[in-house]
file entry-v8.cif (mmCIF, C-alpha atoms)
data_coords
loop_
_atom_site.label_atom_id
_atom_site.label_comp_id
_atom_site.auth_asym_id
_atom_site.auth_seq_id
_atom_site.Cartn_x
_atom_site.Cartn_y
_atom_site.Cartn_z
CA MET G 1 104.96 102.34 100.44
CA LYS G 2 103.88 101.06 103.84
CA ILE G 3 106.03 98.97 106.15
CA ALA G 4 104.78 97.49 109.39
CA THR G 5 105.61 95.43 112.45
CA TRP G 6 103.27 93.27 114.52
CA ASN G 7 103.77 90.90 117.41
CA VAL G 8 101.03 88.41 116.54
CA ASN G 9 101.48 86.29 119.69
CA SER G 10 100.99 82.95 117.88
CA LEU G 11 100.61 82.94 114.12
CA LYS G 12 98.71 79.65 114.29
CA VAL G 13 95.97 81.41 116.26
CA ARG G 14 96.21 84.78 114.55
CA LEU G 15 96.72 83.82 110.87
CA PRO G 16 93.09 84.50 109.87
CA GLN G 17 93.27 87.88 111.61
CA LEU G 18 96.55 88.73 109.89
CA LEU G 19 95.24 87.85 106.45
CA ALA G 20 91.97 89.73 107.04
CA TRP G 21 93.84 92.82 108.25
CA LEU G 22 96.23 92.79 105.30
CA GLU G 23 93.29 92.45 102.93
CA ILE G 24 91.53 95.42 104.53
CA GLN G 25 94.72 97.47 104.25
CA ALA G 26 94.97 96.55 100.56
CA GLU G 27 91.61 98.20 99.88
CA THR G 28 93.15 101.63 100.53
CA ALA G 29 96.94 101.71 100.82
CA PRO G 30 98.37 98.19 101.00
CA ILE G 31 101.13 97.06 103.31
CA ASP G 32 104.27 96.29 101.29
CA ILE G 33 106.47 94.77 104.00
CA ILE G 34 105.65 93.51 107.49
CA GLY G 35 107.74 91.93 110.21
CA LEU G 36 106.06 89.49 112.60
CA GLN G 37 107.17 88.49 116.07
CA GLU G 38 106.20 85.61 118.36
CA THR G 39 105.07 83.36 115.55
CA LYS G 40 105.58 80.46 117.99
CA LEU G 41 105.98 77.99 115.11
CA THR G 42 108.73 75.76 113.82
CA ASP G 43 109.77 76.44 110.23
CA ASP G 44 108.03 73.32 108.94
CA ALA G 45 104.74 74.46 110.50
CA PHE G 46 104.89 77.98 109.06
CA PRO G 47 101.80 78.69 106.87
CA GLY G 48 103.81 79.57 103.79
CA ALA G 49 101.30 78.12 101.33
CA GLU G 50 98.47 80.23 102.71
CA LEU G 51 100.57 83.38 102.60
CA GLU G 52 101.82 82.68 99.08
CA ALA G 53 98.22 82.16 97.95
CA ALA G 54 97.47 85.64 99.31
CA GLY G 55 100.35 87.10 97.29
CA TRP G 56 103.10 87.23 99.91
CA HIS G 57 106.77 86.29 99.76
CA TRP G 58 108.12 85.27 103.15
CA ALA G 59 111.05 84.21 105.30
CA HIS G 60 110.83 82.73 108.78
CA ALA G 61 113.07 81.79 111.70
CA GLY G 62 111.06 79.80 114.21
CA GLN G 63 111.01 77.42 117.10
CA LYS G 64 108.37 75.45 118.93
CA THR G 65 106.09 77.27 121.40
CA TYR G 66 108.21 80.40 121.87
CA ASN G 67 109.65 83.36 119.96
CA GLY G 68 109.83 83.13 116.15
CA VAL G 69 110.17 85.99 113.64
CA ALA G 70 109.13 86.41 110.02
CA ILE G 71 109.20 88.92 107.18
CA LEU G 72 106.39 89.11 104.62
CA SER G 73 106.72 91.18 101.46
CA ARG G 74 104.78 91.88 98.29
CA HIS G 75 108.15 91.76 96.52
CA PRO G 76 110.69 88.89 96.50
CA LEU G 77 113.15 88.59 99.38
CA ARG G 78 116.87 88.04 98.96
CA ASN G 79 119.96 87.83 101.15
CA VAL G 80 117.94 86.44 104.03
CA SER G 81 119.86 86.26 107.30
CA ARG G 82 118.72 84.62 110.53
CA ASP G 83 119.92 85.40 114.07
CA ILE G 84 122.66 87.84 115.09
CA PRO G 85 126.01 86.76 113.63
CA GLY G 86 128.51 85.86 116.33
CA PHE G 87 125.94 85.97 119.14
CA ALA G 88 125.36 82.51 120.57
CA ASP G 89 121.61 82.22 121.07
CA GLU G 90 119.26 79.26 120.69
CA GLN G 91 116.22 81.53 120.61
CA ARG G 92 114.95 82.68 117.21
CA ARG G 93 114.61 86.41 117.62
CA VAL G 94 116.10 88.10 114.54
CA ILE G 95 115.61 87.79 110.79
CA ALA G 96 116.66 90.16 107.99
CA ALA G 97 116.07 90.36 104.27
CA THR G 98 116.60 92.72 101.36
CA ILE G 99 113.53 93.67 99.35
CA ASP G 100 113.82 95.21 95.89
CA THR G 101 110.99 97.73 96.08
CA PRO G 102 109.99 99.96 93.14
CA ASP G 103 111.91 102.76 94.86
CA GLY G 104 115.08 100.73 95.33
CA PRO G 105 116.40 98.05 97.67
CA LEU G 106 115.33 98.19 101.30
CA ARG G 107 116.86 96.10 104.07
CA TYR G 108 114.39 95.07 106.77
CA ILE G 109 115.48 93.61 110.11
CA CYS G 110 112.73 92.09 112.23
CA ALA G 111 113.63 91.74 115.91
CA TYR G 112 111.91 90.31 118.96
CA VAL G 113 113.88 91.70 121.88
CA VAL G 114 114.08 89.72 125.11
CA ASN G 115 111.45 90.65 127.72
CA GLY G 116 113.90 90.44 130.60
CA GLN G 117 111.43 89.21 133.25
CA ALA G 118 112.74 91.25 136.21
CA LEU G 119 115.61 93.55 137.08
CA GLY G 120 118.62 91.63 138.33
CA SER G 121 117.49 88.32 136.84
CA GLU G 122 119.50 86.22 134.41
CA LYS G 123 116.91 87.00 131.74
CA TYR G 124 117.50 90.71 132.34
CA ALA G 125 121.24 90.25 131.90
CA TYR G 126 120.50 88.28 128.71
CA LYS G 127 118.36 91.17 127.48
CA LEU G 128 121.19 93.66 127.94
CA ARG G 129 123.63 91.34 126.16
CA PHE G 130 121.14 90.88 123.35
CA LEU G 131 120.70 94.65 122.95
CA ALA G 132 124.47 95.17 122.80
CA ALA G 133 124.82 92.45 120.16
CA LEU G 134 121.86 93.85 118.21
CA ARG G 135 123.50 97.28 118.22
CA ASP G 136 126.74 95.92 116.78
CA TYR G 137 124.85 93.90 114.18
CA ILE G 138 122.78 96.89 113.04
CA ALA G 139 125.90 99.06 112.87
CA ASP G 140 127.40 96.58 110.42
CA GLU G 141 124.16 96.30 108.44
CA LEU G 142 123.96 100.09 108.08
CA LYS G 143 127.37 100.14 106.43
CA GLN G 144 126.04 97.83 103.73
CA HIS G 145 122.41 98.98 103.53
CA PRO G 146 121.76 102.72 103.82
CA ARG G 147 118.01 102.13 103.33
CA LEU G 148 117.43 100.15 106.52
CA ALA G 149 114.35 99.61 108.70
CA VAL G 150 114.42 97.74 112.01
CA GLY G 151 110.93 96.77 113.12
CA GLY G 152 109.87 94.72 116.06
CA ASP G 153 108.75 94.24 119.60
CA TYR G 154 111.58 95.87 121.52
CA ASN G 155 110.08 95.29 124.97
CA ILE G 156 111.24 98.80 125.88
CA ALA G 157 109.12 101.89 126.52
CA PRO G 158 111.57 104.69 125.62
CA PHE G 159 109.94 107.51 127.62
CA PRO G 160 107.71 107.83 130.69
CA SER G 161 104.95 109.03 128.35
CA ASP G 162 105.10 105.61 126.65
CA THR G 163 103.46 104.02 129.71
CA HIS G 164 99.94 104.48 131.00
CA ASP G 165 101.21 104.90 134.58
CA PRO G 166 104.78 106.21 134.87
CA ALA G 167 104.62 106.15 138.67
CA THR G 168 104.21 102.37 138.53
CA TRP G 169 106.45 101.56 135.57
CA GLU G 170 109.42 103.90 135.90
CA GLY G 171 112.60 102.05 136.88
CA ASN G 172 111.00 98.64 136.46
CA ILE G 173 111.31 96.07 133.70
CA LEU G 174 110.75 97.53 130.18
CA CYS G 175 111.39 101.01 131.62
CA SER G 176 114.76 100.74 133.37
CA GLU G 177 117.62 103.02 132.38
CA PRO G 178 119.94 100.20 131.23
CA GLU G 179 117.23 98.99 128.84
CA ARG G 180 116.57 102.51 127.61
CA ASP G 181 120.31 103.03 127.21
CA GLY G 182 120.29 99.99 124.92
CA PHE G 183 117.49 101.53 122.88
CA ARG G 184 119.23 104.92 122.71
CA ALA G 185 122.39 103.16 121.51
CA LEU G 186 120.43 102.01 118.47
CA LEU G 187 119.25 105.55 117.78
CA ALA G 188 122.82 106.78 118.15
CA LEU G 189 123.71 104.74 115.07
CA GLY G 190 121.65 107.23 113.06
CA LEU G 191 118.29 105.47 113.28
CA VAL G 192 115.09 107.40 113.89
CA ASP G 193 112.08 106.20 115.88
CA ALA G 194 109.34 106.73 113.27
CA PHE G 195 106.74 107.42 115.97
CA THR G 196 108.64 110.52 117.10
CA LEU G 197 108.64 112.10 113.65
CA PHE G 198 105.05 113.22 114.11
CA GLU G 199 102.86 114.76 116.76
CA GLN G 200 101.00 111.86 118.33
CA PRO G 201 97.90 111.74 120.52
CA PRO G 202 98.66 111.32 124.23
CA ASN G 203 98.51 107.78 125.57
CA SER G 204 99.42 106.18 122.24
CA PHE G 205 100.38 102.58 122.94
CA THR G 206 101.02 99.31 121.07
CA TRP G 207 100.57 96.72 123.85
CA TRP G 208 97.89 96.16 126.47
CA ASP G 209 97.71 93.42 129.08
CA TYR G 210 94.92 90.90 128.56
CA ARG G 211 94.12 91.18 132.25
CA ALA G 212 91.99 93.77 134.04
CA ALA G 213 90.46 95.10 130.80
CA GLY G 214 93.78 96.69 129.94
CA PHE G 215 92.84 97.56 126.37
CA ARG G 216 89.38 98.89 127.16
CA ARG G 217 90.89 101.13 129.85
CA ASN G 218 93.87 102.01 127.59
CA GLN G 219 96.35 100.86 130.20
CA GLY G 220 99.13 100.14 127.74
CA LEU G 221 102.75 100.59 126.76
CA ARG G 222 104.49 101.71 123.57
CA ILE G 223 107.03 98.93 123.10
CA ASP G 224 106.70 98.10 119.38
CA HIS G 225 108.84 100.33 117.17
CA LEU G 226 109.97 100.95 113.62
CA LEU G 227 113.45 102.48 113.50
CA LEU G 228 114.41 104.01 110.17
CA SER G 229 117.78 104.98 108.74
CA ALA G 230 118.11 108.64 107.74
CA PRO G 231 117.31 108.10 104.03
CA LEU G 232 114.07 106.32 104.95
CA ALA G 233 113.17 108.73 107.75
CA GLN G 234 113.32 111.58 105.25
CA LEU G 235 110.65 109.78 103.20
CA CYS G 236 108.35 108.97 106.12
CA THR G 237 104.98 110.74 105.93
CA ALA G 238 103.07 108.93 108.70
CA ALA G 239 103.64 106.51 111.57
CA VAL G 240 100.79 105.13 113.61
CA ALA G 241 99.52 102.05 115.44
CA ASP G 242 96.35 100.46 114.07
CA LEU G 243 94.18 99.58 117.07
CA ILE G 244 91.44 97.83 115.09
CA PRO G 245 93.03 94.33 115.22
CA ARG G 246 93.33 94.66 119.01
CA ARG G 247 89.53 94.77 119.14
CA ASN G 248 89.21 91.34 117.54
CA GLU G 249 87.91 88.33 119.39
CA ARG G 250 90.97 86.48 120.74
CA PRO G 251 93.38 89.23 119.59
CA SER G 252 97.09 89.53 119.98
CA ASP G 253 97.95 91.70 122.96
CA HIS G 254 99.88 93.94 120.53
CA ALA G 255 98.64 96.23 117.75
CA PRO G 256 100.44 96.53 114.41
CA PHE G 257 102.53 99.65 113.89
CA ILE G 258 102.80 101.13 110.39
CA ALA G 259 105.12 103.67 108.74
CA THR G 260 104.24 105.19 105.38
CA LEU G 261 107.07 106.22 103.04
CA LYS G 262 106.67 108.39 99.98
CA GLY G 263 108.36 107.35 96.73
CA ASN G 264 111.73 108.73 95.76
#
call {"tool": "encode", "arguments": {"input": "entry-v8.cif", "output": "structure tokens"}}
result
Amino acid sequence: MKIATWNVNSLKVRLPQLLAWLEIQAETAPIDIIGLQETKLTDDAFPGAELEAAGWHWAHAGQKTYNGVAILSRHPLRNVSRDIPGFADEQRRVIAATIDTPDGPLRYICAYVVNGQALGSEKYAYKLRFLAALRDYIADELKQHPRLAVGGDYNIAPFPSDTHDPATWEGNILCSEPERDGFRALLALGLVDAFTLFEQPPNSFTWWDYRAAGFRRNQGLRIDHLLLSAPLAQLCTAAVADLIPRRNERPSDHAPFIATLKGN
């Protein structure tokens, strides 16, 4: 089974690329579940008919122009939950669903963490509040769903090696210690960063700025993550970003990240 996460940076623009990529994946080892971030669509504009025609079940929490998260699955979704319970937030950044896979139920949370803009800004304070609320929410979800995956754009590079230029990025937005503390608090719940389960090539990133030929020069960051509960981490056999969609014409600035799980 393969689960994935991808910040598509506008599903309206990237839908053909998403469908083409999923079809290519299906030729070898198909994606079973994928979380999408930055759909930038209201719920009534979500391309559900097109996705259903391609064999996907889906759930979406969207808003106009900004944010928006979705879960697509080859299997039906149930117990869909939108937003973080008890956290007042008009932005659509979190969606969760249970999927009854052939190997048993799996709970998937798709999250689009706040960027934070700049240290000391109100958006940065909002990011830290969001991370604290996300931590409490996941802690509660883990009590109910031992097979839990949390995929998304976290807007956090956990280590200096997750940036192309630590001298420039260290201590700044996406790489500050309070943000990393928020990320480590999620891991402290018993989650495992799937990327770290395997030896990875140096300079492995998931996001590259559109400007200054960032992708061609591999000036990127690793900010998209799949966090797995212990039962899922024990089944994980691979975790890697697929850079091919980033080479498309008019691509998302993010690459999809995929974790492969063996059957029970």
call {"tool": "residues_around", "arguments": {"input": "entry-v8.cif", "residues": "His60 (chain G)", "least_positions_apart": "3", "cutoff": "8 Å", "atoms": "only C-alpha atoms", "output": "MDAnalysis selection string"}}
result
chainID G and resid 43 46 68:71 95
call {"tool": "write_last_selection", "arguments": {"input": "entry-v8.cif", "atoms": "C-alpha atoms", "output": "compact mmCIF listing (two decimals), in the frame of the given file"}}
result
# COMPACT_ATOMS: atom_id res chain seq x y z
CA ASP G 43 109.77 76.44 110.23
CA PHE G 46 104.89 77.98 109.06
CA GLY G 68 109.83 83.13 116.15
CA VAL G 69 110.17 85.99 113.64
CA ALA G 70 109.13 86.41 110.02
CA ILE G 71 109.20 88.92 107.18
CA ILE G 95 115.61 87.79 110.79
call {"tool": "resolve_selection", "arguments": {"input": "entry-v8.cif", "expression": "the PyMOL selection byres ((chain G and resi 106) around 10)", "output": "short mmCIF file (atom, residue, chain, number, x, y, z; two decimals) with C-alpha atoms, in the coordinates of the input"}}
result
data_model
loop_
_atom_site.label_atom_id
_atom_site.label_comp_id
_atom_site.auth_asym_id
_atom_site.auth_seq_id
_atom_site.Cartn_x
_atom_site.Cartn_y
_atom_site.Cartn_z
CA ILE G 33 106.47 94.77 104.00
CA ALA G 97 116.07 90.36 104.27
CA THR G 98 116.60 92.72 101.36
CA ILE G 99 113.53 93.67 99.35
CA ASP G 100 113.82 95.21 95.89
CA THR G 101 110.99 97.73 96.08
CA PRO G 102 109.99 99.96 93.14
CA ASP G 103 111.91 102.76 94.86
CA GLY G 104 115.08 100.73 95.33
CA PRO G 105 116.40 98.05 97.67
CA ARG G 107 116.86 96.10 104.07
CA TYR G 108 114.39 95.07 106.77
CA ILE G 109 115.48 93.61 110.11
CA HIS G 145 122.41 98.98 103.53
CA PRO G 146 121.76 102.72 103.82
CA ARG G 147 118.01 102.13 103.33
CA LEU G 148 117.43 100.15 106.52
CA ALA G 149 114.35 99.61 108.70
CA LEU G 232 114.07 106.32 104.95
#
call {"tool": "closest_residue", "arguments": {"input": "entry-v8.cif", "among": "G:Lys262, G:Phe215, G:Leu228, G:Leu134", "to": "Arg247 (chain G)", "atoms": "all atoms listed in the file"}}
result
G:Phe215
call {"tool": "resolve_selection", "arguments": {"input": "entry-v8.cif", "expression": "the PyMOL selection byres ((chain G and resi 260) around 6)", "output": "list in words"}}
result
Met1, Lys2, Cys236, Thr237, Ala238, Ala259 and Leu261 of chain G
call {"tool": "resolve_selection", "arguments": {"input": "entry-v8.cif", "expression": "the PyMOL selection byres ((chain G and resi 190) around 12)", "output": "JSON, numbers by chain"}}
result
{"G": [135, 138, 139, 142, 143, 146, 147, 148, 149, 150, 184, 185, 186, 187, 188, 189, 191, 192, 193, 227, 228, 229, 230, 231, 232, 233]}
call {"tool": "residues_around", "arguments": {"input": "entry-v8.cif", "residues": "region 155-171 of chain G", "least_positions_apart": "6", "cutoff": "7 Å", "atoms": "only C-alpha atoms", "output": "JSON list (two decimals) with C-alpha atoms, in the coordinates of the input"}}
result
[["chain", "number", "residue", "atom", "x", "y", "z"],
["G", 113, "VAL", "CA", 113.88, 91.70, 121.88],
["G", 114, "VAL", "CA", 114.08, 89.72, 125.11],
["G", 115, "ASN", "CA", 111.45, 90.65, 127.72],
["G", 177, "GLU", "CA", 117.62, 103.02, 132.38],
["G", 179, "GLU", "CA", 117.23, 98.99, 128.84],
["G", 180, "ARG", "CA", 116.57, 102.51, 127.61],
["G", 203, "ASN", "CA", 98.51, 107.78, 125.57],
["G", 205, "PHE", "CA", 100.38, 102.58, 122.94],
["G", 219, "GLN", "CA", 96.35, 100.86, 130.20],
["G", 220, "GLY", "CA", 99.13, 100.14, 127.74],
["G", 221, "LEU", "CA", 102.75, 100.59, 126.76],
["G", 222, "ARG", "CA", 104.49, 101.71, 123.57],
["G", 223, "ILE", "CA", 107.03, 98.93, 123.10]]
call {"tool": "closest_residue", "arguments": {"input": "entry-v8.cif", "among": "G:Ala49, G:Leu11, G:Gly86, G:Glu141", "to": "Lys64 (chain G)", "atoms": "only C-alpha atoms"}}
result
G:Leu11
call {"tool": "atom_distance", "arguments": {"input": "entry-v8.cif", "atom1": "CA of Trp58 (chain G)", "atom2": "CA of Ala88 (chain G)"}}
result
24.7 Å
call {"tool": "axis_aligned_box", "arguments": {"input": "entry-v8.cif", "around": "region 51-66 of chain G", "padding_each_side": "3 Å", "output": "AutoDock Vina command-line options"}}
result
--center_x 105.3 --center_y 81.3 --center_z 109.6 --size_x 21.6 --size_y 17.8 --size_z 30.6
call {"tool": "atom_distance", "arguments": {"input": "entry-v8.cif", "atom1": "CA of Thr206 (chain G)", "atom2": "CA of Ala255 (chain G)"}}
result
5.1 Å
call {"tool": "atom_distance", "arguments": {"input": "entry-v8.cif", "atom1": "CA of His57 (chain G)", "atom2": "CA of Ile31 (chain G)"}}
result
12.7 Å
call {"tool": "closest_residue", "arguments": {"input": "entry-v8.cif", "among": "G:Gln117, G:Gly182, G:Leu72, G:Asn172", "to": "Phe130 (chain G)", "atoms": "only C-alpha atoms"}}
result
G:Gly182
call {"tool": "closest_residue", "arguments": {"input": "entry-v8.cif", "among": "G:Thr28, G:Tyr210, G:Pro201, G:Leu41", "to": "Glu249 (chain G)", "atoms": "all atoms listed in the file"}}
result
G:Tyr210
call {"tool": "closest_residue", "arguments": {"input": "entry-v8.cif", "among": "G:Ala132, G:Leu18, G:Ala239, G:Val94", "to": "Ile34 (chain G)", "atoms": "only C-alpha atoms"}}
result
G:Leu18
call {"tool": "build_atoms", "arguments": {"input": "entry-v8.cif", "residues": "region 226-237 of chain G", "atoms": "all heavy atoms", "output": "PDB file, in the frame of the given file"}}
result
ATOM      1  N   LEU G 226     109.323 100.999 114.925  1.00  0.00           N
ATOM      2  CA  LEU G 226     109.970 100.950 113.620  1.00  0.00           C
ATOM      3  C   LEU G 226     111.069 102.013 113.621  1.00  0.00           C
ATOM      4  O   LEU G 226     110.781 103.217 113.703  1.00  0.00           O
ATOM      5  CB  LEU G 226     108.977 101.239 112.500  1.00  0.00           C
ATOM      6  CG  LEU G 226     108.199 100.050 111.947  1.00  0.00           C
ATOM      7  CD1 LEU G 226     107.061 100.525 111.061  1.00  0.00           C
ATOM      8  CD2 LEU G 226     109.122  99.118 111.151  1.00  0.00           C
ATOM      9  N   LEU G 227     112.305 101.574 113.562  1.00  0.00           N
ATOM     10  CA  LEU G 227     113.450 102.480 113.500  1.00  0.00           C
ATOM     11  C   LEU G 227     113.912 102.561 112.052  1.00  0.00           C
ATOM     12  O   LEU G 227     114.108 101.528 111.401  1.00  0.00           O
ATOM     13  CB  LEU G 227     114.585 101.995 114.395  1.00  0.00           C
ATOM     14  CG  LEU G 227     114.239 101.720 115.863  1.00  0.00           C
ATOM     15  CD1 LEU G 227     115.505 101.420 116.662  1.00  0.00           C
ATOM     16  CD2 LEU G 227     113.458 102.865 116.490  1.00  0.00           C
ATOM     17  N   LEU G 228     114.088 103.776 111.567  1.00  0.00           N
ATOM     18  CA  LEU G 228     114.410 104.010 110.170  1.00  0.00           C
ATOM     19  C   LEU G 228     115.759 104.691 110.023  1.00  0.00           C
ATOM     20  O   LEU G 228     116.085 105.617 110.784  1.00  0.00           O
ATOM     21  CB  LEU G 228     113.338 104.901 109.519  1.00  0.00           C
ATOM     22  CG  LEU G 228     111.879 104.452 109.645  1.00  0.00           C
ATOM     23  CD1 LEU G 228     110.961 105.498 109.021  1.00  0.00           C
ATOM     24  CD2 LEU G 228     111.671 103.094 108.989  1.00  0.00           C
ATOM     25  N   SER G 229     116.539 104.259 109.059  1.00  0.00           N
ATOM     26  CA  SER G 229     117.780 104.980 108.740  1.00  0.00           C
ATOM     27  C   SER G 229     117.415 106.346 108.184  1.00  0.00           C
ATOM     28  O   SER G 229     116.274 106.591 107.755  1.00  0.00           O
ATOM     29  CB  SER G 229     118.594 104.180 107.717  1.00  0.00           C
ATOM     30  OG  SER G 229     117.893 104.077 106.488  1.00  0.00           O
ATOM     31  N   ALA G 230     118.381 107.257 108.162  1.00  0.00           N
ATOM     32  CA  ALA G 230     118.110 108.640 107.740  1.00  0.00           C
ATOM     33  C   ALA G 230     117.472 108.736 106.356  1.00  0.00           C
ATOM     34  O   ALA G 230     116.506 109.495 106.172  1.00  0.00           O
ATOM     35  CB  ALA G 230     119.398 109.456 107.809  1.00  0.00           C
ATOM     36  N   PRO G 231     117.955 107.991 105.349  1.00  0.00           N
ATOM     37  CA  PRO G 231     117.310 108.100 104.030  1.00  0.00           C
ATOM     38  C   PRO G 231     115.838 107.699 104.043  1.00  0.00           C
ATOM     39  O   PRO G 231     115.030 108.280 103.310  1.00  0.00           O
ATOM     40  CB  PRO G 231     118.143 107.146 103.156  1.00  0.00           C
ATOM     41  CG  PRO G 231     119.478 107.090 103.822  1.00  0.00           C
ATOM     42  CD  PRO G 231     119.172 107.160 105.285  1.00  0.00           C
ATOM     43  N   LEU G 232     115.468 106.719 104.873  1.00  0.00           N
ATOM     44  CA  LEU G 232     114.070 106.320 104.950  1.00  0.00           C
ATOM     45  C   LEU G 232     113.274 107.302 105.812  1.00  0.00           C
ATOM     46  O   LEU G 232     112.111 107.611 105.504  1.00  0.00           O
ATOM     47  CB  LEU G 232     113.940 104.905 105.516  1.00  0.00           C
ATOM     48  CG  LEU G 232     114.483 103.774 104.656  1.00  0.00           C
ATOM     49  CD1 LEU G 232     114.193 102.417 105.314  1.00  0.00           C
ATOM     50  CD2 LEU G 232     113.900 103.801 103.250  1.00  0.00           C
ATOM     51  N   ALA G 233     113.877 107.781 106.886  1.00  0.00           N
ATOM     52  CA  ALA G 233     113.170 108.730 107.750  1.00  0.00           C
ATOM     53  C   ALA G 233     112.782 109.986 106.987  1.00  0.00           C
ATOM     54  O   ALA G 233     111.712 110.577 107.230  1.00  0.00           O
ATOM     55  CB  ALA G 233     114.050 109.090 108.953  1.00  0.00           C
ATOM     56  N   GLN G 234     113.627 110.392 106.047  1.00  0.00           N
ATOM     57  CA  GLN G 234     113.320 111.580 105.250  1.00  0.00           C
ATOM     58  C   GLN G 234     112.109 111.362 104.346  1.00  0.00           C
ATOM     59  O   GLN G 234     111.472 112.327 103.913  1.00  0.00           O
ATOM     60  CB  GLN G 234     114.528 111.960 104.409  1.00  0.00           C
ATOM     61  CG  GLN G 234     115.707 112.453 105.239  1.00  0.00           C
ATOM     62  CD  GLN G 234     116.980 112.603 104.415  1.00  0.00           C
ATOM     63  OE1 GLN G 234     116.978 112.394 103.198  1.00  0.00           O
ATOM     64  NE2 GLN G 234     118.077 112.959 105.078  1.00  0.00           N
ATOM     65  N   LEU G 235     111.778 110.104 104.066  1.00  0.00           N
ATOM     66  CA  LEU G 235     110.650 109.780 103.200  1.00  0.00           C
ATOM     67  C   LEU G 235     109.376 109.477 103.987  1.00  0.00           C
ATOM     68  O   LEU G 235     108.308 109.293 103.391  1.00  0.00           O
ATOM     69  CB  LEU G 235     110.985 108.569 102.328  1.00  0.00           C
ATOM     70  CG  LEU G 235     112.196 108.694 101.408  1.00  0.00           C
ATOM     71  CD1 LEU G 235     112.470 107.350 100.725  1.00  0.00           C
ATOM     72  CD2 LEU G 235     111.977 109.783 100.365  1.00  0.00           C
ATOM     73  N   CYS G 236     109.479 109.400 105.306  1.00  0.00           N
ATOM     74  CA  CYS G 236     108.350 108.970 106.120  1.00  0.00           C
ATOM     75  C   CYS G 236     107.307 110.080 106.232  1.00  0.00           C
ATOM     76  O   CYS G 236     107.619 111.208 106.605  1.00  0.00           O
ATOM     77  CB  CYS G 236     108.835 108.567 107.508  1.00  0.00           C
ATOM     78  SG  CYS G 236     107.588 107.753 108.517  1.00  0.00           S
ATOM     79  N   THR G 237     106.067 109.758 105.899  1.00  0.00           N
ATOM     80  CA  THR G 237     104.980 110.740 105.930  1.00  0.00           C
ATOM     81  C   THR G 237     103.945 110.450 107.010  1.00  0.00           C
ATOM     82  O   THR G 237     103.086 111.285 107.280  1.00  0.00           O
ATOM     83  CB  THR G 237     104.263 110.794 104.569  1.00  0.00           C
ATOM     84  OG1 THR G 237     103.728 109.494 104.266  1.00  0.00           O
ATOM     85  CG2 THR G 237     105.238 111.221 103.472  1.00  0.00           C
TER      86      THR G 237
END
